Amino acid sequence: MTAYRFVHAADIHLDSPLRSLALRDPRLAEFICNASRQVLARIVDLCLDEQVHALLLAGDLYDGEQTSMKTARFLSDQLRRLDAAGIEVFIIRGNHDALSKITKELVFPESVHLFGGRAEAIEISRDRGERSIVMHGLSFAKPQVTESLLAKYRPPVDGAINIGLMHTSLDGSPNHDIYAPCSTGDLLNSGFRYWALGHIHRRSTTEGPCAIVMPGIPQGRDIGESGPKSVTLASVLDDGSIVLDERIVSLAQFERISVDASRAESWSDLVARIETTLGDATTRSASDHLVARLAVSGTTTIAWNVRRDADLLRTEAEARAESIGNVWIEKLEIDCRRPVTSAVESADPVYVLRRMMNDEIVGSEAFGAEANDIVNDLLAQLPPECRRSIAPDDTGLSLLVGRLAGEGSEEVLARLAASNADGIR
């Protein structure tokens, strides 16, 4: 039985602006932005190496309508590489690239099929005796599509293996807007053999009489898209059986990395722990580059020094990352506390202030009410989905205010505390 093999990718988001990342580190933002292009080249390399029949791109190839001509030329070059190898490309537009002028204006090779705003069904040319394969697709005609598109697709062709491309939020995801929603059950009962989905950036698969695959974003863009990212290599046999193979293609992967500072007794000791932890994380990384968000926590005698000199600690971490190679520090988070170990420390003015802040101020009803108002004002300036993820209900708001108040107290005390020559109070 002859296999029809294809690579299924989605949500490449070429030219994604990465505004929040750029505010913290413009160099890292530029690197990740360029990484999306390099990952597209990797996907093309995979198609060529595996000698597949087709590449399926299930929406959001671009991040928006503002796309550079440099990127357009790059895309054109990659598509021509596939065309020269006789590999077909099937593309649908999603919510991000629905209005992309470049996608509409570029002259593609004949081997590239860009589905329009009306459903199409394309029969794949195959050798005599091989089972017919029909590729179905439908692009977003506008960025906001709130209704299901499933009913607009052409019905499955009897006797053929029907493959559909769809950009959809499917059953929904907390971090994604609702676009072209439909249920997994609806797709399972559609009569199609494979659904090549896009939109949700986390990989998921449903296998059975109908394979439903959301490959996820092939290159993460921030810490919310952590871990190695991949595409799907699918092989369809004439009897309708399908073999799915996940292939990691990400150039860089974001990871949250915890550093235990609880036994660090000096600044140099803590820096050494960071270096060791970064080295271990690099060894485990499945991608070429590691983008680390360091979370330094624990009860340690140098806690206030760590908080006060967080900028210096980040510089130390970046220097160690550079010496390891292919490691970036995306952000440094600190949650260190200094223990009270003696009556002398308990009488220290800084510790007296600490008790006063925690017991008489932070714990007071007036402080809680004012803090709630401030946090609510800040949350109101965020998009609804962000507000819900940060403080989903009153309990979540209370916990957030308490955490912020505790962090603020420690920051104030850290700046007030003096240091000796070794950096330890």
# chains A, B, ... in the order shown; residues from 1 in each chain; ligands from 1
call {"tool": "select_by_dssp", "arguments": {"residues": "range 256-287 of chain A", "states": "alpha helix (DSSP H)", "output": "ChimeraX atom specification"}}
result
/A:267-284
call {"tool": "residues_around", "arguments": {"residues": "range 297-304 of chain A", "least_positions_apart": "5", "cutoff": "6 Å", "atoms": "only C-alpha atoms", "output": "PDB file with all heavy atoms, in the first residue's frame"}}
result
ATOM      1  N   ASP A 260      17.003  27.035  43.550  1.00  0.00           N
ATOM      2  CA  ASP A 260      16.805  26.945  44.998  1.00  0.00           C
ATOM      3  C   ASP A 260      17.923  27.721  45.703  1.00  0.00           C
ATOM      4  O   ASP A 260      19.085  27.332  45.676  1.00  0.00           O
ATOM      5  CB  ASP A 260      16.818  25.487  45.427  1.00  0.00           C
ATOM      6  CG  ASP A 260      16.550  25.321  46.908  1.00  0.00           C
ATOM      7  OD1 ASP A 260      16.191  26.315  47.565  1.00  0.00           O
ATOM      8  OD2 ASP A 260      16.711  24.196  47.413  1.00  0.00           O
ATOM      9  N   ALA A 261      17.541  28.824  46.331  1.00  0.00           N
ATOM     10  CA  ALA A 261      18.536  29.654  47.030  1.00  0.00           C
ATOM     11  C   ALA A 261      18.578  29.367  48.522  1.00  0.00           C
ATOM     12  O   ALA A 261      19.292  30.044  49.270  1.00  0.00           O
ATOM     13  CB  ALA A 261      18.207  31.129  46.806  1.00  0.00           C
ATOM     14  N   SER A 262      17.848  28.366  48.981  1.00  0.00           N
ATOM     15  CA  SER A 262      17.682  28.150  50.421  1.00  0.00           C
ATOM     16  C   SER A 262      18.989  27.799  51.128  1.00  0.00           C
ATOM     17  O   SER A 262      19.132  28.059  52.321  1.00  0.00           O
ATOM     18  CB  SER A 262      16.638  27.049  50.672  1.00  0.00           C
ATOM     19  OG  SER A 262      17.046  25.842  50.055  1.00  0.00           O
ATOM     20  N   ILE A 334      12.195  36.880  41.709  1.00  0.00           N
ATOM     21  CA  ILE A 334      12.798  36.624  43.020  1.00  0.00           C
ATOM     22  C   ILE A 334      11.712  36.500  44.081  1.00  0.00           C
ATOM     23  O   ILE A 334      10.832  37.351  44.191  1.00  0.00           O
ATOM     24  CB  ILE A 334      13.780  37.756  43.394  1.00  0.00           C
ATOM     25  CG1 ILE A 334      14.944  37.781  42.401  1.00  0.00           C
ATOM     26  CG2 ILE A 334      14.297  37.579  44.817  1.00  0.00           C
ATOM     27  CD1 ILE A 334      15.874  38.949  42.589  1.00  0.00           C
ATOM     28  N   ASP A 335      11.786  35.413  44.832  1.00  0.00           N
ATOM     29  CA  ASP A 335      10.862  35.198  45.945  1.00  0.00           C
ATOM     30  C   ASP A 335      11.664  34.618  47.107  1.00  0.00           C
ATOM     31  O   ASP A 335      11.440  33.484  47.536  1.00  0.00           O
ATOM     32  CB  ASP A 335       9.731  34.263  45.532  1.00  0.00           C
ATOM     33  CG  ASP A 335       8.687  34.106  46.635  1.00  0.00           C
ATOM     34  OD1 ASP A 335       8.636  34.992  47.507  1.00  0.00           O
ATOM     35  OD2 ASP A 335       7.961  33.102  46.631  1.00  0.00           O
ATOM     36  N   CYS A 336      12.610  35.399  47.599  1.00  0.00           N
ATOM     37  CA  CYS A 336      13.478  34.953  48.690  1.00  0.00           C
ATOM     38  C   CYS A 336      13.062  35.629  49.993  1.00  0.00           C
ATOM     39  O   CYS A 336      12.638  36.793  49.996  1.00  0.00           O
ATOM     40  CB  CYS A 336      14.939  35.288  48.381  1.00  0.00           C
ATOM     41  SG  CYS A 336      15.628  34.381  46.983  1.00  0.00           S
ATOM     42  N   ARG A 337      13.192  34.910  51.079  1.00  0.00           N
ATOM     43  CA  ARG A 337      12.895  35.446  52.410  1.00  0.00           C
ATOM     44  C   ARG A 337      14.105  35.217  53.322  1.00  0.00           C
ATOM     45  O   ARG A 337      14.791  34.208  53.218  1.00  0.00           O
ATOM     46  CB  ARG A 337      11.669  34.750  53.024  1.00  0.00           C
ATOM     47  CG  ARG A 337      10.379  34.948  52.244  1.00  0.00           C
ATOM     48  CD  ARG A 337       9.874  36.379  52.383  1.00  0.00           C
ATOM     49  NE  ARG A 337       8.531  36.527  51.833  1.00  0.00           N
ATOM     50  CZ  ARG A 337       8.251  36.745  50.563  1.00  0.00           C
ATOM     51  NH1 ARG A 337       9.257  36.823  49.687  1.00  0.00           N
ATOM     52  NH2 ARG A 337       7.019  36.893  50.145  1.00  0.00           N
ATOM     53  N   ARG A 338      14.332  36.179  54.210  1.00  0.00           N
ATOM     54  CA  ARG A 338      15.427  36.049  55.177  1.00  0.00           C
ATOM     55  C   ARG A 338      14.849  35.576  56.502  1.00  0.00           C
ATOM     56  O   ARG A 338      13.922  36.185  57.045  1.00  0.00           O
ATOM     57  CB  ARG A 338      16.128  37.392  55.344  1.00  0.00           C
ATOM     58  CG  ARG A 338      17.310  37.368  56.309  1.00  0.00           C
ATOM     59  CD  ARG A 338      17.992  38.723  56.350  1.00  0.00           C
ATOM     60  NE  ARG A 338      18.944  38.802  57.435  1.00  0.00           N
ATOM     61  CZ  ARG A 338      20.212  38.401  57.363  1.00  0.00           C
ATOM     62  NH1 ARG A 338      20.664  37.903  56.223  1.00  0.00           N
ATOM     63  NH2 ARG A 338      21.024  38.505  58.396  1.00  0.00           N
ATOM     64  N   ALA A 414      14.392  45.260  51.783  1.00  0.00           N
ATOM     65  CA  ALA A 414      15.669  44.952  51.135  1.00  0.00           C
ATOM     66  C   ALA A 414      16.431  46.228  50.816  1.00  0.00           C
ATOM     67  O   ALA A 414      17.658  46.284  50.928  1.00  0.00           O
ATOM     68  CB  ALA A 414      15.429  44.151  49.865  1.00  0.00           C
ATOM     69  N   ILE A 424      26.413  40.450  52.895  1.00  0.00           N
ATOM     70  CA  ILE A 424      25.446  39.777  53.781  1.00  0.00           C
ATOM     71  C   ILE A 424      25.204  40.662  54.986  1.00  0.00           C
ATOM     72  O   ILE A 424      26.135  41.136  55.622  1.00  0.00           O
ATOM     73  CB  ILE A 424      25.973  38.407  54.245  1.00  0.00           C
ATOM     74  CG1 ILE A 424      26.308  37.530  53.034  1.00  0.00           C
ATOM     75  CG2 ILE A 424      25.007  37.721  55.148  1.00  0.00           C
ATOM     76  CD1 ILE A 424      26.918  36.218  53.407  1.00  0.00           C
TER      77      ILE A 424
END
call {"tool": "closest_residue", "arguments": {"among": "A:Leu150, A:Ala121, A:Ile87, A:Val112", "to": "Pro181 in chain A", "atoms": "only C-alpha atoms"}}
result
A:Leu150
call {"tool": "residues_around", "arguments": {"residues": "range 268-277 of chain A", "least_positions_apart": "2", "cutoff": "12 Å", "atoms": "only C-alpha atoms", "output": "tab-separated table (two decimals) with all heavy atoms, in the first residue's frame"}}
result
chain	number	residue	atom	x	y	z
A	256	ARG	N	10.50	27.81	32.23
A	256	ARG	CA	10.58	28.34	33.60
A	256	ARG	C	11.56	27.47	34.37
A	256	ARG	O	11.39	26.24	34.44
A	256	ARG	CB	9.21	28.30	34.27
A	256	ARG	CG	8.16	29.14	33.56
A	256	ARG	CD	6.81	29.02	34.25
A	256	ARG	NE	5.77	29.71	33.53
A	256	ARG	CZ	5.45	30.99	33.71
A	256	ARG	NH1	6.11	31.70	34.62
A	256	ARG	NH2	4.48	31.55	33.00
A	257	ILE	N	12.58	28.08	34.93
A	257	ILE	CA	13.63	27.32	35.60
A	257	ILE	C	13.75	27.81	37.04
A	257	ILE	O	13.98	28.99	37.30
A	257	ILE	CB	14.98	27.49	34.87
A	257	ILE	CG1	14.85	26.93	33.44
A	257	ILE	CG2	16.10	26.79	35.61
A	257	ILE	CD1	16.07	27.15	32.59
A	258	SER	N	13.59	26.89	37.97
A	258	SER	CA	13.65	27.22	39.40
A	258	SER	C	15.07	27.07	39.93
A	258	SER	O	15.75	26.08	39.64
A	258	SER	CB	12.71	26.31	40.19
A	258	SER	OG	11.37	26.48	39.77
A	259	VAL	N	15.49	28.06	40.70
A	259	VAL	CA	16.80	28.03	41.35
A	259	VAL	C	16.57	28.08	42.85
A	259	VAL	O	15.99	29.03	43.37
A	259	VAL	CB	17.68	29.22	40.91
A	259	VAL	CG1	19.03	29.17	41.64
A	259	VAL	CG2	17.89	29.22	39.41
A	260	ASP	N	17.00	27.04	43.55
A	260	ASP	CA	16.81	26.94	45.00
A	260	ASP	C	17.92	27.72	45.70
A	260	ASP	O	19.09	27.33	45.68
A	260	ASP	CB	16.82	25.49	45.43
A	260	ASP	CG	16.55	25.32	46.91
A	260	ASP	OD1	16.19	26.31	47.57
A	260	ASP	OD2	16.71	24.20	47.41
A	261	ALA	N	17.54	28.82	46.33
A	261	ALA	CA	18.54	29.65	47.03
A	261	ALA	C	18.58	29.37	48.52
A	261	ALA	O	19.29	30.04	49.27
A	261	ALA	CB	18.21	31.13	46.81
A	262	SER	N	17.85	28.37	48.98
A	262	SER	CA	17.68	28.15	50.42
A	262	SER	C	18.99	27.80	51.13
A	262	SER	O	19.13	28.06	52.32
A	262	SER	CB	16.64	27.05	50.67
A	262	SER	OG	17.05	25.84	50.06
A	263	ARG	N	19.95	27.20	50.41
A	263	ARG	CA	21.22	26.85	51.06
A	263	ARG	C	22.37	27.75	50.60
A	263	ARG	O	23.52	27.48	50.93
A	263	ARG	CB	21.54	25.38	50.77
A	263	ARG	CG	20.57	24.41	51.44
A	263	ARG	CD	21.02	22.97	51.28
A	263	ARG	NE	21.09	22.58	49.88
A	263	ARG	CZ	20.04	22.16	49.17
A	263	ARG	NH1	18.84	22.11	49.74
A	263	ARG	NH2	20.17	21.81	47.91
A	264	ALA	N	22.06	28.80	49.87
A	264	ALA	CA	23.10	29.72	49.42
A	264	ALA	C	23.49	30.64	50.58
A	264	ALA	O	22.66	31.34	51.14
A	264	ALA	CB	22.60	30.53	48.25
A	265	GLU	N	24.78	30.63	50.95
A	265	GLU	CA	25.24	31.44	52.07
A	265	GLU	C	26.03	32.66	51.62
A	265	GLU	O	26.42	33.48	52.46
A	265	GLU	CB	26.10	30.57	52.99
A	265	GLU	CG	25.32	29.42	53.60
A	265	GLU	CD	26.18	28.57	54.53
A	265	GLU	OE1	27.40	28.86	54.60
A	265	GLU	OE2	25.65	27.65	55.16
A	266	SER	N	26.28	32.76	50.33
A	266	SER	CA	27.01	33.91	49.81
A	266	SER	C	26.54	34.21	48.40
A	266	SER	O	25.90	33.38	47.75
A	266	SER	CB	28.52	33.65	49.81
A	266	SER	OG	28.85	32.65	48.86
A	279	GLY	N	23.00	25.10	33.20
A	279	GLY	CA	23.69	24.05	32.45
A	279	GLY	C	22.86	22.78	32.36
A	279	GLY	O	22.76	22.16	31.28
A	280	ASP	N	22.25	22.39	33.48
A	280	ASP	CA	21.40	21.20	33.48
A	280	ASP	C	20.19	21.38	32.57
A	280	ASP	O	19.80	20.46	31.84
A	280	ASP	CB	20.93	20.89	34.91
A	280	ASP	CG	22.06	20.46	35.82
A	280	ASP	OD1	23.14	20.08	35.30
A	280	ASP	OD2	21.89	20.52	37.06
A	281	ALA	N	19.59	22.57	32.61
A	281	ALA	CA	18.41	22.84	31.77
A	281	ALA	C	18.78	22.83	30.29
A	281	ALA	O	18.00	22.36	29.45
A	281	ALA	CB	17.79	24.18	32.15
A	282	THR	N	19.96	23.33	29.96
A	282	THR	CA	20.41	23.32	28.57
A	282	THR	C	20.59	21.90	28.07
A	282	THR	O	20.24	21.58	26.92
A	282	THR	CB	21.74	24.10	28.45
A	282	THR	OG1	21.55	25.43	28.93
A	282	THR	CG2	22.20	24.16	27.01
A	283	THR	N	21.11	21.04	28.91
A	283	THR	CA	21.30	19.64	28.53
A	283	THR	C	19.96	18.97	28.22
A	283	THR	O	19.86	18.15	27.30
A	283	THR	CB	22.02	18.88	29.65
A	283	THR	OG1	23.28	19.50	29.91
A	283	THR	CG2	22.25	17.43	29.27
A	284	ARG	N	18.93	19.34	28.98
A	284	ARG	CA	17.61	18.73	28.79
A	284	ARG	C	16.84	19.34	27.62
A	284	ARG	O	15.88	18.74	27.13
A	284	ARG	CB	16.76	18.88	30.06
A	284	ARG	CG	17.31	18.15	31.27
A	284	ARG	CD	16.27	18.13	32.39
A	284	ARG	NE	15.87	19.49	32.78
A	284	ARG	CZ	16.46	20.19	33.73
A	284	ARG	NH1	17.50	19.70	34.38
A	284	ARG	NH2	16.03	21.41	34.04
A	292	ALA	N	15.36	31.28	29.15
A	292	ALA	CA	15.01	30.91	30.53
A	292	ALA	C	14.39	32.05	31.30
A	292	ALA	O	14.87	33.19	31.26
A	292	ALA	CB	16.27	30.44	31.25
A	293	ARG	N	13.30	31.75	32.01
A	293	ARG	CA	12.77	32.64	33.03
A	293	ARG	C	13.19	32.05	34.36
A	293	ARG	O	12.68	31.00	34.78
A	293	ARG	CB	11.26	32.77	32.95
A	293	ARG	CG	10.68	33.60	34.10
A	293	ARG	CD	9.22	33.93	33.92
A	293	ARG	NE	9.00	34.89	32.84
A	293	ARG	CZ	7.84	35.51	32.62
A	293	ARG	NH1	6.80	35.27	33.42
A	293	ARG	NH2	7.71	36.35	31.62
A	294	LEU	N	14.14	32.70	35.03
A	294	LEU	CA	14.69	32.18	36.27
A	294	LEU	C	13.83	32.61	37.45
A	294	LEU	O	13.54	33.79	37.63
A	294	LEU	CB	16.11	32.70	36.47
A	294	LEU	CG	17.20	32.15	35.53
A	294	LEU	CD1	18.53	32.82	35.83
A	294	LEU	CD2	17.32	30.65	35.69
A	295	ALA	N	13.44	31.64	38.26
A	295	ALA	CA	12.68	31.90	39.49
A	295	ALA	C	13.56	31.53	40.67
A	295	ALA	O	13.76	30.35	40.97
A	295	ALA	CB	11.39	31.10	39.50
A	296	VAL	N	14.15	32.54	41.31
A	296	VAL	CA	15.05	32.33	42.44
A	296	VAL	C	14.24	32.43	43.72
A	296	VAL	O	13.64	33.47	44.01
A	296	VAL	CB	16.19	33.36	42.44
A	296	VAL	CG1	17.15	33.10	43.60
A	296	VAL	CG2	16.94	33.34	41.11
A	297	SER	N	14.19	31.36	44.49
A	297	SER	CA	13.35	31.36	45.69
A	297	SER	C	14.01	30.57	46.81
A	297	SER	O	14.96	29.83	46.60
A	297	SER	CB	11.98	30.75	45.37
A	297	SER	OG	12.12	29.40	44.98
A	298	GLY	N	13.49	30.78	48.02
A	298	GLY	CA	14.01	30.05	49.18
A	298	GLY	C	14.31	30.99	50.33
A	298	GLY	O	14.40	32.21	50.17
A	300	THR	N	16.91	32.35	52.79
A	300	THR	CA	18.37	32.46	52.80
A	300	THR	C	18.80	33.74	53.50
A	300	THR	O	18.07	34.74	53.49
A	300	THR	CB	18.94	32.43	51.38
A	300	THR	OG1	20.33	32.74	51.41
A	300	THR	CG2	18.23	33.41	50.46
A	301	THR	N	19.99	33.73	54.08
A	301	THR	CA	20.50	34.90	54.78
A	301	THR	C	20.82	36.06	53.85
A	301	THR	O	20.97	37.20	54.30
A	301	THR	CB	21.78	34.53	55.56
A	301	THR	OG1	22.72	33.95	54.65
A	301	THR	CG2	21.47	33.54	56.68
A	302	ILE	N	20.93	35.80	52.56
A	302	ILE	CA	21.23	36.89	51.61
A	302	ILE	C	19.98	37.33	50.84
A	302	ILE	O	20.09	37.97	49.79
A	302	ILE	CB	22.34	36.48	50.63
A	302	ILE	CG1	21.91	35.28	49.78
A	302	ILE	CG2	23.64	36.19	51.36
A	302	ILE	CD1	22.87	34.98	48.64
A	303	ALA	N	18.81	36.99	51.36
A	303	ALA	CA	17.56	37.26	50.64
A	303	ALA	C	17.41	38.74	50.28
A	303	ALA	O	17.06	39.08	49.15
A	303	ALA	CB	16.37	36.80	51.48
A	305	ASN	N	19.68	41.03	50.03
A	305	ASN	CA	20.70	41.45	49.07
A	305	ASN	C	20.33	41.03	47.66
A	305	ASN	O	20.57	41.76	46.70
A	305	ASN	CB	22.06	40.86	49.46
A	305	ASN	CG	22.48	41.27	50.86
A	305	ASN	OD1	22.05	40.66	51.84
A	305	ASN	ND2	23.29	42.32	50.96
A	306	VAL	N	19.75	39.85	47.57
A	306	VAL	CA	19.32	39.36	46.26
A	306	VAL	C	18.23	40.26	45.70
A	306	VAL	O	18.25	40.63	44.52
A	306	VAL	CB	18.82	37.90	46.37
A	306	VAL	CG1	18.17	37.45	45.07
A	306	VAL	CG2	19.96	36.97	46.74
A	310	ALA	N	18.91	42.87	42.38
A	310	ALA	CA	18.38	41.96	41.35
A	310	ALA	C	18.97	42.25	39.98
A	310	ALA	O	19.18	41.33	39.18
A	310	ALA	CB	16.86	42.07	41.31
A	312	LEU	N	21.98	43.31	39.34
A	312	LEU	CA	23.32	42.72	39.30
A	312	LEU	C	23.25	41.21	39.16
A	312	LEU	O	24.06	40.60	38.44
A	312	LEU	CB	24.10	43.09	40.57
A	312	LEU	CG	24.35	44.59	40.81
A	312	LEU	CD1	25.12	44.79	42.10
A	312	LEU	CD2	25.10	45.18	39.63
A	313	LEU	N	22.25	40.60	39.83
A	313	LEU	CA	22.11	39.16	39.73
A	313	LEU	C	21.73	38.75	38.31
A	313	LEU	O	22.23	37.74	37.78
A	313	LEU	CB	21.05	38.66	40.72
A	313	LEU	CG	20.93	37.14	40.83
A	313	LEU	CD1	22.23	36.52	41.32
A	313	LEU	CD2	19.78	36.76	41.77
A	314	ARG	N	20.89	39.55	37.67
A	314	ARG	CA	20.55	39.25	36.28
A	314	ARG	C	21.79	39.35	35.39
A	314	ARG	O	21.98	38.53	34.50
A	314	ARG	CB	19.46	40.18	35.77
A	314	ARG	CG	19.24	40.04	34.28
A	314	ARG	CD	17.94	40.53	33.77
A	314	ARG	NE	17.83	40.24	32.34
A	314	ARG	CZ	16.70	40.09	31.69
A	314	ARG	NH1	15.56	40.18	32.34
A	314	ARG	NH2	16.68	39.84	30.40
A	315	THR	N	22.62	40.36	35.63
A	315	THR	CA	23.85	40.50	34.85
A	315	THR	C	24.74	39.28	35.04
A	315	THR	O	25.33	38.77	34.08
A	315	THR	CB	24.60	41.78	35.28
A	315	THR	OG1	23.76	42.92	35.02
A	315	THR	CG2	25.90	41.93	34.50
A	316	GLU	N	24.83	38.81	36.28
A	316	GLU	CA	25.62	37.59	36.55
A	316	GLU	C	25.03	36.40	35.81
A	316	GLU	O	25.76	35.59	35.21
A	316	GLU	CB	25.62	37.31	38.06
A	316	GLU	CG	26.33	38.35	38.91
A	316	GLU	CD	27.83	38.09	39.01
A	316	GLU	OE1	28.37	37.34	38.17
A	316	GLU	OE2	28.46	38.65	39.92
A	317	ALA	N	23.70	36.27	35.85
A	317	ALA	CA	23.03	35.15	35.17
A	317	ALA	C	23.26	35.22	33.66
A	317	ALA	O	23.51	34.19	33.01
A	317	ALA	CB	21.54	35.15	35.48
A	318	GLU	N	23.19	36.41	33.10
A	318	GLU	CA	23.40	36.57	31.66
A	318	GLU	C	24.83	36.21	31.27
A	318	GLU	O	25.07	35.62	30.21
A	318	GLU	CB	23.06	37.99	31.24
A	318	GLU	CG	21.56	38.29	31.27
A	318	GLU	CD	21.25	39.76	31.00
A	318	GLU	OE1	22.19	40.59	31.13
A	318	GLU	OE2	20.09	40.07	30.68
A	319	ALA	N	25.79	36.57	32.14
A	319	ALA	CA	27.19	36.23	31.86
A	319	ALA	C	27.39	34.72	31.87
A	319	ALA	O	28.08	34.15	31.01
A	319	ALA	CB	28.10	36.89	32.89
A	320	ARG	N	26.75	34.04	32.83
A	320	ARG	CA	26.86	32.57	32.88
A	320	ARG	C	26.16	31.94	31.68
A	320	ARG	O	26.62	30.96	31.12
A	320	ARG	CB	26.27	32.04	34.19
A	320	ARG	CG	26.94	32.53	35.46
A	320	ARG	CD	28.46	32.51	35.37
A	320	ARG	NE	29.14	32.82	36.60
A	320	ARG	CZ	29.46	34.05	37.00
A	320	ARG	NH1	29.11	35.10	36.27
A	320	ARG	NH2	30.14	34.25	38.12
A	321	ALA	N	25.03	32.51	31.30
A	321	ALA	CA	24.29	32.00	30.13
A	321	ALA	C	25.14	32.14	28.87
A	321	ALA	O	25.18	31.22	28.02
A	321	ALA	CB	22.98	32.75	29.97
A	322	GLU	N	25.82	33.26	28.74
A	322	GLU	CA	26.67	33.47	27.57
A	322	GLU	C	27.83	32.48	27.54
A	322	GLU	O	28.21	31.99	26.47
A	322	GLU	CB	27.19	34.91	27.57
A	322	GLU	CG	27.98	35.27	26.32
A	322	GLU	CD	28.38	36.72	26.27
A	322	GLU	OE1	27.91	37.50	27.13
A	322	GLU	OE2	29.17	37.09	25.38
A	323	SER	N	28.39	32.19	28.71
A	323	SER	CA	29.50	31.23	28.74
A	323	SER	C	29.05	29.82	28.40
A	323	SER	O	29.81	29.05	27.80
A	323	SER	CB	30.16	31.25	30.13
A	323	SER	OG	29.28	30.74	31.12
A	324	ILE	N	27.80	29.48	28.76
A	324	ILE	CA	27.26	28.16	28.40
A	324	ILE	C	27.01	28.08	26.91
A	324	ILE	O	27.30	27.10	26.24
A	324	ILE	CB	25.96	27.88	29.19
A	324	ILE	CG1	26.27	27.75	30.69
A	324	ILE	CG2	25.27	26.61	28.68
A	324	ILE	CD1	25.03	27.71	31.56
A	325	GLY	N	26.45	29.17	26.35
A	325	GLY	CA	26.18	29.24	24.92
A	325	GLY	C	24.74	28.89	24.58
A	325	GLY	O	24.17	27.94	25.13
A	327	VAL	N	22.01	30.30	25.34
A	327	VAL	CA	21.08	30.46	26.46
A	327	VAL	C	20.79	31.95	26.63
A	327	VAL	O	21.71	32.78	26.63
A	327	VAL	CB	21.66	29.89	27.77
A	327	VAL	CG1	20.65	30.08	28.92
A	327	VAL	CG2	22.00	28.41	27.61
A	329	ILE	N	18.46	34.85	29.01
A	329	ILE	CA	17.69	35.09	30.23
A	329	ILE	C	16.54	36.03	29.86
A	329	ILE	O	16.75	37.20	29.54
A	329	ILE	CB	18.56	35.72	31.34
A	329	ILE	CG1	19.78	34.84	31.62
A	329	ILE	CG2	17.72	35.92	32.60
A	329	ILE	CD1	19.45	33.43	32.07
A	332	LEU	N	14.02	37.59	35.34
A	332	LEU	CA	14.46	37.07	36.63
A	332	LEU	C	13.38	37.37	37.66
A	332	LEU	O	13.00	38.53	37.86
A	332	LEU	CB	15.78	37.73	37.04
A	332	LEU	CG	16.42	37.27	38.35
A	332	LEU	CD1	16.88	35.82	38.24
A	332	LEU	CD2	17.60	38.16	38.72
A	336	CYS	N	12.61	35.40	47.60
A	336	CYS	CA	13.48	34.95	48.69
A	336	CYS	C	13.06	35.63	49.99
A	336	CYS	O	12.64	36.79	50.00
A	336	CYS	CB	14.94	35.29	48.38
A	336	CYS	SG	15.63	34.38	46.98
A	422	ASP	N	30.86	41.63	52.52
A	422	ASP	CA	30.60	40.37	51.84
A	422	ASP	C	29.22	40.35	51.19
A	422	ASP	O	28.83	39.36	50.56
A	422	ASP	CB	30.71	39.18	52.80
A	422	ASP	CG	32.11	39.04	53.33
A	422	ASP	OD1	33.06	39.31	52.55
A	422	ASP	OD2	32.27	38.68	54.52
A	423	GLY	N	28.47	41.40	51.39
A	423	GLY	CA	27.14	41.45	50.78
A	423	GLY	C	26.09	40.77	51.63
A	423	GLY	O	24.99	40.51	51.19
A	424	ILE	N	26.41	40.45	52.89
A	424	ILE	CA	25.45	39.78	53.78
A	424	ILE	C	25.20	40.66	54.99
A	424	ILE	O	26.13	41.14	55.62
A	424	ILE	CB	25.97	38.41	54.25
A	424	ILE	CG1	26.31	37.53	53.03
A	424	ILE	CG2	25.01	37.72	55.15
A	424	ILE	CD1	26.92	36.22	53.41
call {"tool": "select_by_dssp", "arguments": {"residues": "range 21-75 of chain A", "states": "strand (DSSP E)", "output": "list in words"}}
result
Ala54, Leu55, Leu56, Leu57 and Ala58 of chain A
call {"tool": "residues_around", "arguments": {"residues": "Pro228 in chain A", "least_positions_apart": "5", "cutoff": "9 Å", "atoms": "only C-alpha atoms", "output": "compact mmCIF listing (two decimals) with N, CA, C and O atoms, in the first residue's frame"}}
result
# COMPACT_ATOMS: atom_id res chain seq x y z
N PRO A 218 4.87 26.30 15.98
CA PRO A 218 6.16 25.62 15.81
C PRO A 218 7.34 26.36 16.43
O PRO A 218 8.44 25.81 16.51
N GLN A 219 7.12 27.61 16.85
CA GLN A 219 8.15 28.37 17.54
C GLN A 219 7.50 29.25 18.59
O GLN A 219 6.78 30.19 18.26
N GLY A 220 7.74 28.93 19.87
CA GLY A 220 7.16 29.73 20.94
C GLY A 220 7.66 31.17 20.88
O GLY A 220 8.78 31.44 20.46
N ILE A 248 9.97 17.81 16.29
CA ILE A 248 10.33 19.08 16.90
C ILE A 248 11.13 19.92 15.91
O ILE A 248 12.09 19.45 15.30
N VAL A 249 10.70 21.18 15.73
CA VAL A 249 11.35 22.08 14.78
C VAL A 249 11.77 23.40 15.41
O VAL A 249 12.45 24.21 14.76
N SER A 250 11.39 23.66 16.66
CA SER A 250 11.67 24.97 17.27
C SER A 250 13.16 25.23 17.37
O SER A 250 13.94 24.35 17.74
N LEU A 251 13.53 26.45 17.05
CA LEU A 251 14.92 26.88 17.18
C LEU A 251 15.24 27.20 18.64
O LEU A 251 16.34 26.92 19.12
N ALA A 252 14.28 27.77 19.33
CA ALA A 252 14.46 28.13 20.74
C ALA A 252 13.23 27.74 21.52
O ALA A 252 12.12 27.77 21.00
N GLN A 253 13.42 27.35 22.78
CA GLN A 253 12.28 27.03 23.62
C GLN A 253 12.35 27.81 24.93
O GLN A 253 13.40 27.95 25.55
N PHE A 254 11.20 28.35 25.32
CA PHE A 254 11.07 29.07 26.58
C PHE A 254 10.86 28.04 27.70
O PHE A 254 10.12 27.07 27.53
N SER A 285 17.23 20.51 27.17
CA SER A 285 16.48 21.22 26.13
C SER A 285 16.49 20.45 24.82
O SER A 285 17.53 19.93 24.39
N ALA A 286 15.33 20.40 24.17
CA ALA A 286 15.22 19.70 22.88
C ALA A 286 15.45 20.63 21.70
O ALA A 286 15.48 20.18 20.56
N SER A 287 15.61 21.93 21.97
CA SER A 287 15.82 22.92 20.91
C SER A 287 17.25 23.44 20.96
O SER A 287 17.96 23.24 21.94
